[in-house]
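Here is the structure we will look at.
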There are 2 protein chains.
Amino acid sequence: MEHPENSEEYKGLTVNKGIEQPSTINPYRKFQRKPKRQQLSAGDYVEGILQGNTTLLSQAVTLVESTLPEHQAIAQEIIEKCLPHAGRSVRIGISGVPGAGKSTSIDAFGLHVLERGGKLGVLAIDPSSERSKGSILGDKTRMEKLSVHPDSFIRPSPSAGSLGGVARKTRETIILCEAAGYDKIFVETVGVGQSETAVHSMVDFFLLIQLAGTGDELQGIKRGIMEMADGIVINKADGSNLEKAKLAAAHFRNALHLFPAPESGWTPRVLTYSGFYGLGIKEIWDMIYEYMDFVKANGYFQYRRNEQAKYWMYESINEQLRNSFYNNPTIADMLQTKENEVLGGTVTSFTAAHQLLSTYFKTKQ
Amino acid sequence: MEHPENSEEYKGLTVNKGIEQPSTINPYRKFQRKPKRQQLSAGDYVEGILQGNTTLLSQAVTLVESTLPEHQAIAQEIIEKCLPHAGRSVRIGISGVPGAGKSTSIDAFGLHVLERGGKLGVLAIDPSSERSKGSILGDKTRMEKLSVHPDSFIRPSPSAGSLGGVARKTRETIILCEAAGYDKIFVETVGVGQSETAVHSMVDFFLLIQLAGTGDELQGIKRGIMEMADGIVINKADGSNLEKAKLAAAHFRNALHLFPAPESGWTPRVLTYSGFYGLGIKEIWDMIYEYMDFVKANGYFQYRRNEQAKYWMYESINEQLRNSFYNNPTIADMLQTKENEVLGGTVTSFTAAHQLLSTYFKTKQ
């Protein structure tokens, strides 16, 4: 079933409320009639970001998301200069299948944490967003209250490229937001694919939103996602649905016993809430803050952040190695033939791989 | 707790009953006093294998497992020549945590399938085998009846190298066994790591052996393994343990509902049995043969085999790309420094990756 938010009808209603979309923004537009040398420097962006200037923050994120080499160069300079000011936030990954009520929940969660003080950045990872357009966080009206809150910064998923590319851009945007003083970061993703692994690799706490329902509905959880959760929360625990939600919570608690204990030493919890009626929100955030105290005390917090930094270095290396190989024109021409030979049983998978690699390394000489 | 089969005491009892160990075998030993040019050719090996000669099959597998380039060259030639005669077997992956009774079960399963006719090859994947020595299938006495059966061929896990390397060797050994007329192949692995994914990628049916027990024992299942299972079987369903085993089966059936339906369209089943007393074995194999009929009828069988062949081609490519990078002496020298810079927060993960890749590609010119 198509998610209603992706339907043509829904797209027709999309309104951008002052949130800049990468495809329509020229970050230099205000300097268009001035000579090129008067463009903002990396230092100018960094200064603005450190002062909490959201316009410059937005523009810097647009540079991060751009595929133009000159934009990438200045973006990397900005990120590097922001790095010493980053890292001081609580990063929460929020995942859930379409229909679980993520937008309403993030609206309610966001208002709740902002009542406790500080500033909130809401980002997203959705590698499919270029195709589906009406993508997660693409339409700010979905988060009615948060989108007009002065202390929130909402940014839709970067829209182009591979999961690795999209995830990298979101990770770099976290750095910019933190440098701009956002001390809570939500990273939303849709619970239907590998993007959860990417989100899990850049957050401190991974929250999985689920719905009560029949056994069939529970099957919407993709492989490996439940094991990543530090907390599972069952939405729509209200009215006549309350008992069903409690039952689902018990079901998930049992299922969690089937998985090994997380490395953090934390025992994942299952709670119920209602995003729409704002019930049980405080308990969720009490749990998250308890987790933060727990992992900061046992050293896992810093350990995980270090592992994540290394993970992304190796991910970047491996992705670029693969890109260099598969985007090589000689290899691209040869690949289908070799695949057919393997399927036809005339060469082994290993020999085909070996032949392709020999060809590739010859082109690099 | 150390698995008793890995203990020093157990190792002391190790007996090789005519099963050749890669470390002690010179495949050319019978020609040692003859001039080198009289070594067997790839064609000689292939001829022997096609005739079902287990000595030549064993020697060819030793060549596959060797890391010497000249052995690899002849091994690849043998495999290539065997390929047209391979593929006509039922490949079963068998996994379970240490202590689940895999050896006794494989002994019982093997005798059962051999009663139905045909020939059985039993292989293993255990990337840790070089370290632990007393490794899975390393000691043939663990499968008392199967090890002396004339229609079985048992081969321990290749002992050297990365998971990718070990898995490739096992995959190539499957080809040789099939060419030698083995129409059932078991691939054993220990249910504690990533090797399950490798086994899953080379078999038609993935069987997970579990034990009844407390919630704590069930936690021995690693992430993602349960989702791979086409069938889960609870061992030691005998005597006073019978009720507990039935309860565990119900538990697993419920847990399976939490996962999405497998691509095959098959609904994974949970059965109980006793490997030691030989109870419920027939039912397990009825299930597996029902599965085979099902996936052959709906086309998934051939689809999965094609996907596996492609998977191994791309895995080989990606592994060799990574090896070429990380084994590059300049990169090996530079990597720790860059990692420290990333952890120190002076460069981003992406910039460090970029610097390493530029250096690497310069060394390839």
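Starting from 1 in every chain, residues are counted up; chains themselves are A, B, ... following the order of the structure tokens, and ligands are numbered from 1 as listed.
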Find the residues in chain B near chain A: any atom within 8 Å counts, using only C-alpha atoms. Write them as a ChimeraX atom specification.
/B:76,79-80,83-84,168,215-216,218-224,227,255,257-261,306,309-310,312-314,316-318,320-322,339,342-343,345-354,356-357,361,364-365
Would you mind writing down, as a PyMOL selection string, each residue of range 142-313 of chain B that DSSP on the backbone assigns to alpha helix (DSSP H)?
chain B and resi 163-179+195-200+215-218+225-228+242-256+281-297+300-313
Restricting the calculation to only C-alpha atoms: of A:Trp266, A:Phe186, A:Tyr360, A:Tyr303, which residue gets closest to Asn328 in chain A?
A:Tyr360
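Counting only C-alpha atoms and comparing B:Tyr45, B:Tyr326, B:Phe109, B:Phe205, the residue that lies closest to Ser274 in chain B is B:Phe109.
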